[in-house]
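> Got a structure for you, written out below as structure tokens; questions coming shortly.
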2 protein chains.
Amino acid sequence: MSVTYPKGFQASGVTAGCKPSGLPDLGLLVGEPGTMVAGLFTTNRVEAAPVTIGRARLRAGGSPRAVVVNSGQANAATGARGVADALAITARTGALLGLEDDTVLPSSTGVIGEPLHMERLLPALPTVVEALSKEGGAEFARAIMTTDTVDKQATAEAAGVRVGGCAKGVGMIAPDLATMLAFITTDAAIAQDDLHRLADEVLKPRFNAFTVDGSTSTNDTVLLFASGAAGHDRVGPGSGAWTAISGALAGLADDLVRQLIGDGEGVGHVVVVDVEGAHTEADARIVARAVADSPLVKTAAFGGDPNPGRILQAVGASGVGFEPTSLSVRIGDAVVAEAGVIPAAYFAPASELAERARRQMKDAEIPVAVSIGDGPGRARVFGCDLSYEYVRINGEYTT
Amino acid sequence: MSVTYPKGFQASGVTAGCKPSGLPDLGLLVGEPGTMVAGLFTTNRVEAAPVTIGRARLRAGGSPRAVVVNSGQANAATGARGVADALAITARTGALLGLEDDTVLPSSTGVIGEPLHMERLLPALPTVVEALSKEGGAEFARAIMTTDTVDKQATAEAAGVRVGGCAKGVGMIAPDLATMLAFITTDAAIAQDDLHRLADEVLKPRFNAFTVDGSTSTNDTVLLFASGAAGHDRVGPGSGAWTAISGALAGLADDLVRQLIGDGEGVGHVVVVDVEGAHTEADARIVARAVADSPLVKTAAFGGDPNPGRILQAVGASGVGFEPTSLSVRIGDAVVAEAGVIPAAYFAPASELAERARRQMKDAEIPVAVSIGDGPGRARVFGCDLSYEYVRINGEYTT
């Protein structure tokens with residue numbers, strides 16, 4: 001059900017013909033009147049036209065309550081033409097829905113630089129509007145996919161309200177089909193400012209905390225819609241309902257993130273990096289990202305050999321300051337570095353310590369815990385292995 | 001001849017038995033009395049014991065004129081034992097040479113964490129001292145290798161003085177044998193401060209300007225020795241000889257860097273990234289590194305497809321500020337992005353532009369030129385492709 005699980009939302013997905021595969025490539029999500037929306041967008045300086053427009057429409061304080069998504073072309077690095085195309089699509093969608101242009105947000109994912117196939121998208125808009133339904137969440141979730149092998153949907157419930165969501169992609173995914181998109185809905189009644197706060201405090205750290213190839217896309221977008229259709233009073237910070245809904249939203253985001261990374265290109269192992277003892281959370285996150293993005297750690301995860309020196313190398317090169325003698329590293333419950341030193345026992349013949357760490361590397365999830373001092377900063381980042389399959393998917397693509 | 005090409009140096013390389021391969025693993029380089037040395041060391045917070053000791057001995061303003069290098073174990077993350085081992089080796093080497101301890105620098109490369117095999121290294125020191133010779137440069141160059149498939153040596157001459165050097169490794173090279181080491185000699189007479197200046201201004205930008213996997217080792221070291229044995233007057237900044245020697249040194253460094261990257265793990269294509277128009281050289285270097293280190297650009301180089309959107313993605317995500325409408329990208333002479341836009345013609349059937357870019361991707365060297373504005377900052381970084389072979393070398397290693 002994904003985004004249509006909460007009350008007050010309709011969604012649909014159809015095929016406009018923009019992908020060589022012929023799979024669904026045009027999705028629409030609409031909240032009932034009064035729906036609020038908060039957004040998170042890519043930090044990439046080269047941002048796609050739909051990101052520019054969406055960011056501006058949210059900032060302008062209008063009341064967007066719909067998003068129209070195409071997959072196959074990212075509408076990034078397409079210049080003025082790209083902006084005009086995205087505006088034309090939201091204008092036409094708005095007209096069909098009886099809404100103002102600026103209440104419809106555009107979103108795109110696919111090949112960077114290739115212009116949108118307007119001659120196919122515009123004629124398909126009446127169809128996708130016609131197909132809108134309170135059961136359309138799954139069709140919507142499938143229409144936004146590019147190289148995803150499965151759709152990613154999740155639902156949750158708390159304090160009498162529902163939360164639903166779907167997502168696609170992971171990092172810059174290949175063959176150069178960009179972007180992570182996530183659309184999340186709730187039927188809670190939440191004021192605009194509070195919705196932004198939920199997006200910033202609950203969703204942002206979660207969707208920023210995973211990495212397949214360290215490559216921030218030009219199109220990354222997370223939209224959080226609240227319809228208020230559950231029929232409760234407005235929920236605000238400080239209440240028990242707020243805490244419960246935040247928790248449900250956090251769980252839903254974690255669920256989608258695990259689905260995303262599990263479907264990452266060529267991924268066989270998820271590496272869960274926990275860093276603690278940093279001065280700040282930001283520092284902890286930098287260290288965790290450095291470990292998760294290290295090609296040497298990633299190939300070690302692929303090959304199944306713990307190679308603790310590679311983890312130390314990545315932590316040390318992260319740019320974050322710490323005392324090397326305060327550095328410790330665990331792989332599962334195997335302490336492979338303590339006070340900055342890899343135990344000599346690790347290198348002994350038939351080392352029990354090395355064997356324990358090696359067994360852990362065979363698991364689908366490889367937990368790596370790094371402590372760099374006694375500061376309060378901690379962070380978790382989900383990474384993955386670097387496999388032949390990643391190189392194949394990204395390297396063998398020729399047009 | 002490498003390091004013994006300039007007058008006033010002796011070198012040697014022998015086998016102590018620290019590598020499973022049984023190849024030479026202990027090298028010694030000694031300059032005649034009066035030799036000056038300047039050093040560049042890793043920026044990794046987790047630095048190896050020999051780096052800590054070498055840095056301290058250079059900073060103390062003593063007069064080091066020898067370096068003893070072992071390959072096979074990095075002596076990093078080995079704690080107090082590692083420091084004691086390195087001190088013992090330089091003390092014994094000094095005693096055998098009739099030199100003070102602190103005039104001998106230690107250097108190591110190999111597996112991080114594994115303790116030095118002192119029981120093999122100490123007995124081999126008399127042999128490596130005995131083997132010292134004015135023709136020993138090649139033996140020295142081979143003794144410092146780990147997973148290198150060829151030794152890297154270079155020589156040059158300018159203004160009546162000679163310059164020689166050798167290097168090993170590239171980034172963190174596998175199977176987790178760490179480190180880039182480079183040892184460069186000249187028989188020019190150069191004051192200590194001026195030698196540091198040459199190391200900083202001529203060598204540093206060059207040895208910092210290449211990347212195989214973006215992984216800064218715990219042991220990276222570049223040492224520049226000047227014996228003064230050419231018999232000329234002392235050379236200082238501002239003179240024609242200084243300019244000529246700087247130029248020769250720059251050429252020699254470029255030569256060694258190309259040898260290093262050409263022997264990088266699984267490298268089939270070198271990607272030469274030139275960035276211009278940045279506010280500062282530092283900004284330009286960050287952008288160039290971001291492109292060279294991008295796994296999507298690297299797999300594109302492996303697969304032979306230009307994928308210009310991936311280059312734009314990497315530039316935009318580098319963290320450096322610029323106007324997206326000022327961004328242009330060339331692959332060879334094919335302009336694949338201008339004013340932030342990938343020409344629509346690139347995606348046309350049988351596109352001549354795409355074909356031209358694709359042909360360029362087949363070359364051993366792939367030139368990528370990025371302009372991000374009209375600032376004075378420019379930088380060049382050498383990168384390489386990401387191949388199955390890289391994953392195999394780094395992933396299939398199991399002990």
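Going by the structure tokens order, chains are called A, B, ..., each with residues numbered from 1, while ligands are numbered from 1 in the order shown.
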With only C-alpha atoms considered, list every residue of chain A at most 6 Å from chain B, as a PyMOL selection string.
chain A and resi 44-46+77-79+112-113+216+299-300+302-303+305+309+316-317+324+340-342+388+394-396+398
> Determine which residues of range 88-245 of chain A DSSP labels as strand (DSSP E or B) from the backbone of this structure, then write them out as JSON, numbers by chain.
{"A": [104, 105, 106, 107, 108, 109, 110, 111, 133, 152, 153, 154, 155, 156, 157, 158, 161, 162, 163, 164, 165, 166, 167, 168, 173, 177, 181, 182, 183, 184, 185, 186, 210, 221, 222, 223, 224, 225, 226]}
> Just to confirm, what's the straight-line distance from CA of Ala88 in chain A to CA of Ile144 in chain A in Å (one decimal)?
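CA of Ile144 in chain A lies 19.4 Å from CA of Ala88 in chain A.
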> Using only C-alpha atoms, which protein or nucleic acid residues come within 9 Å of range 380-384 of chain A? Drop anything in the same chain fewer than 5 positions from it, and give the result as a ChimeraX atom specification.
/A:206,208-213,257-258,261-262,264,267-276,284-285,288-289,291-293,298,301-302,365-366
> Could you find all residues in range 72-180 of chain B that DSSP calls helix (DSSP H, G or I) from the backbone, and write them as a PyMOL selection string?
chain B and resi 79-97+101-103+118-130+137-143
> Pick from B:Ser63, B:Ser371, B:Thr93, B:Gln153: nearest to Pro106 in chain B, with only C-alpha atoms counted?
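Counting only C-alpha atoms, the residue closest to Pro106 in chain B is B:Thr93.
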> Please provide as a PDB file with N, CA and C atoms, in the first residue's frame all residues within 7 Å of Thr15 in chain A, with the sequence filter that same-chain residues fewer than 5 positions apart are discarded (counting only C-alpha atoms).

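Result written to selection_2.pdb:
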```pdb
ATOM      1  N   LEU A  23       8.742  -0.593 -18.840  1.00  0.00           N
ATOM      2  CA  LEU A  23       8.080  -0.718 -17.534  1.00  0.00           C
ATOM      3  C   LEU A  23       7.442   0.621 -17.138  1.00  0.00           C
ATOM      4  N   PRO A  24       6.549   0.611 -16.145  1.00  0.00           N
ATOM      5  CA  PRO A  24       5.893   1.851 -15.714  1.00  0.00           C
ATOM      6  C   PRO A  24       6.915   2.940 -15.383  1.00  0.00           C
ATOM      7  N   ASP A  25       6.607   4.165 -15.763  1.00  0.00           N
ATOM      8  CA  ASP A  25       7.602   5.232 -15.651  1.00  0.00           C
ATOM      9  C   ASP A  25       6.996   6.580 -15.282  1.00  0.00           C
ATOM     10  N   LEU A  26       5.697   6.593 -14.923  1.00  0.00           N
ATOM     11  CA  LEU A  26       5.066   7.864 -14.568  1.00  0.00           C
ATOM     12  C   LEU A  26       4.148   7.625 -13.383  1.00  0.00           C
TER      13      LEU A  26
END
```
> Please compute the CA of Leu256 in chain B-CA of Gly165 in chain B distance, one decimal, in Å.
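Calculated distance between CA of Leu256 in chain B and CA of Gly165 in chain B is 7.8 Å.
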> Can you tell me, as a ChimeraX atom specification, what residues are no more than 9 Å from Ala182 in chain B when counting only C-alpha atoms, ignoring any on the same chain fewer than 3 positions away?
/B:165-168,207,220-224,256
> Grab the residues selected above and save them as a PDB file, in the first residue's frame with all heavy atoms.

```
ATOM      1  N   GLY B 165      65.733   8.877  -8.349  1.00  0.00           N
ATOM      2  CA  GLY B 165      64.705   8.523  -7.383  1.00  0.00           C
ATOM      3  C   GLY B 165      64.094   7.174  -7.673  1.00  0.00           C
ATOM      4  O   GLY B 165      64.235   6.612  -8.764  1.00  0.00           O
ATOM      5  N   CYS B 166      63.447   6.644  -6.679  1.00  0.00           N
ATOM      6  CA  CYS B 166      62.647   5.432  -6.866  1.00  0.00           C
ATOM      7  C   CYS B 166      61.422   5.517  -5.966  1.00  0.00           C
ATOM      8  O   CYS B 166      61.378   6.329  -5.041  1.00  0.00           O
ATOM      9  CB  CYS B 166      63.456   4.169  -6.565  1.00  0.00           C
ATOM     10  SG  CYS B 166      63.950   3.994  -4.850  1.00  0.00           S
ATOM     11  N   ALA B 167      60.431   4.721  -6.273  1.00  0.00           N
ATOM     12  CA  ALA B 167      59.183   4.763  -5.513  1.00  0.00           C
ATOM     13  C   ALA B 167      58.538   3.391  -5.558  1.00  0.00           C
ATOM     14  O   ALA B 167      58.908   2.534  -6.365  1.00  0.00           O
ATOM     15  CB  ALA B 167      58.235   5.809  -6.098  1.00  0.00           C
ATOM     16  N   LYS B 168      57.564   3.180  -4.687  1.00  0.00           N
ATOM     17  CA  LYS B 168      56.816   1.914  -4.670  1.00  0.00           C
ATOM     18  C   LYS B 168      55.371   2.171  -4.301  1.00  0.00           C
ATOM     19  O   LYS B 168      55.054   3.151  -3.629  1.00  0.00           O
ATOM     20  CB  LYS B 168      57.443   0.908  -3.716  1.00  0.00           C
ATOM     21  CG  LYS B 168      57.476   1.253  -2.245  1.00  0.00           C
ATOM     22  CD  LYS B 168      56.251   1.019  -1.431  1.00  0.00           C
ATOM     23  CE  LYS B 168      55.578  -0.299  -1.670  1.00  0.00           C
ATOM     24  NZ  LYS B 168      54.367  -0.404  -0.775  1.00  0.00           N
ATOM     25  N   PHE B 207      53.176  14.414  -5.644  1.00  0.00           N
ATOM     26  CA  PHE B 207      52.856  13.128  -5.007  1.00  0.00           C
ATOM     27  C   PHE B 207      51.474  13.140  -4.355  1.00  0.00           C
ATOM     28  O   PHE B 207      50.934  12.096  -4.038  1.00  0.00           O
ATOM     29  CB  PHE B 207      53.957  12.737  -4.014  1.00  0.00           C
ATOM     30  CG  PHE B 207      55.185  12.211  -4.695  1.00  0.00           C
ATOM     31  CD1 PHE B 207      56.307  13.004  -4.875  1.00  0.00           C
ATOM     32  CD2 PHE B 207      55.202  10.928  -5.214  1.00  0.00           C
ATOM     33  CE1 PHE B 207      57.428  12.529  -5.536  1.00  0.00           C
ATOM     34  CE2 PHE B 207      56.316  10.431  -5.878  1.00  0.00           C
ATOM     35  CZ  PHE B 207      57.441  11.242  -6.043  1.00  0.00           C
ATOM     36  N   ASP B 220      52.744   6.546   4.175  1.00  0.00           N
ATOM     37  CA  ASP B 220      53.262   7.336   3.049  1.00  0.00           C
ATOM     38  C   ASP B 220      54.443   8.212   3.444  1.00  0.00           C
ATOM     39  O   ASP B 220      54.382   8.967   4.411  1.00  0.00           O
ATOM     40  CB  ASP B 220      52.169   8.254   2.494  1.00  0.00           C
ATOM     41  CG  ASP B 220      51.085   7.490   1.763  1.00  0.00           C
ATOM     42  OD1 ASP B 220      51.340   6.346   1.343  1.00  0.00           O
ATOM     43  OD2 ASP B 220      49.996   8.053   1.596  1.00  0.00           O
ATOM     44  N   THR B 221      55.493   8.131   2.681  1.00  0.00           N
ATOM     45  CA  THR B 221      56.702   8.888   2.975  1.00  0.00           C
ATOM     46  C   THR B 221      57.412   9.259   1.677  1.00  0.00           C
ATOM     47  O   THR B 221      57.554   8.417   0.786  1.00  0.00           O
ATOM     48  CB  THR B 221      57.683   8.057   3.834  1.00  0.00           C
ATOM     49  OG1 THR B 221      57.048   7.735   5.081  1.00  0.00           O
ATOM     50  CG2 THR B 221      58.980   8.803   4.108  1.00  0.00           C
ATOM     51  N   VAL B 222      57.838  10.504   1.572  1.00  0.00           N
ATOM     52  CA  VAL B 222      58.721  10.940   0.487  1.00  0.00           C
ATOM     53  C   VAL B 222      59.936  11.583   1.150  1.00  0.00           C
ATOM     54  O   VAL B 222      59.788  12.506   1.940  1.00  0.00           O
ATOM     55  CB  VAL B 222      58.042  11.978  -0.432  1.00  0.00           C
ATOM     56  CG1 VAL B 222      59.014  12.445  -1.517  1.00  0.00           C
ATOM     57  CG2 VAL B 222      56.779  11.408  -1.071  1.00  0.00           C
ATOM     58  N   LEU B 223      61.128  11.069   0.857  1.00  0.00           N
ATOM     59  CA  LEU B 223      62.353  11.675   1.398  1.00  0.00           C
ATOM     60  C   LEU B 223      63.194  12.214   0.248  1.00  0.00           C
ATOM     61  O   LEU B 223      63.366  11.544  -0.777  1.00  0.00           O
ATOM     62  CB  LEU B 223      63.164  10.650   2.199  1.00  0.00           C
ATOM     63  CG  LEU B 223      62.519  10.106   3.483  1.00  0.00           C
ATOM     64  CD1 LEU B 223      63.443   9.077   4.149  1.00  0.00           C
ATOM     65  CD2 LEU B 223      62.194  11.231   4.460  1.00  0.00           C
ATOM     66  N   LEU B 224      63.697  13.419   0.414  1.00  0.00           N
ATOM     67  CA  LEU B 224      64.546  14.067  -0.591  1.00  0.00           C
ATOM     68  C   LEU B 224      65.917  14.320   0.032  1.00  0.00           C
ATOM     69  O   LEU B 224      66.035  15.061   1.017  1.00  0.00           O
ATOM     70  CB  LEU B 224      63.894  15.394  -1.026  1.00  0.00           C
ATOM     71  CG  LEU B 224      64.744  16.325  -1.909  1.00  0.00           C
ATOM     72  CD1 LEU B 224      65.081  15.667  -3.245  1.00  0.00           C
ATOM     73  CD2 LEU B 224      63.991  17.643  -2.128  1.00  0.00           C
ATOM     74  N   LEU B 256      57.929   9.436 -11.834  1.00  0.00           N
ATOM     75  CA  LEU B 256      57.660   8.399 -10.827  1.00  0.00           C
ATOM     76  C   LEU B 256      56.153   8.241 -10.592  1.00  0.00           C
ATOM     77  O   LEU B 256      55.658   7.128 -10.447  1.00  0.00           O
ATOM     78  CB  LEU B 256      58.368   8.737  -9.507  1.00  0.00           C
ATOM     79  CG  LEU B 256      59.893   8.568  -9.505  1.00  0.00           C
ATOM     80  CD1 LEU B 256      60.477   9.059  -8.187  1.00  0.00           C
ATOM     81  CD2 LEU B 256      60.295   7.103  -9.744  1.00  0.00           C
TER      82      LEU B 256
END
```
> Using only C-alpha atoms, determine which residues lie at most 6 Å from Gln73 in chain A, disregarding the query and same-chain residues fewer than 5 positions distant; provide the list as a list in words.
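Once the nearby chain positions are removed, what remains is Thr109, Gly110, Val111 and Leu116 of chain A.
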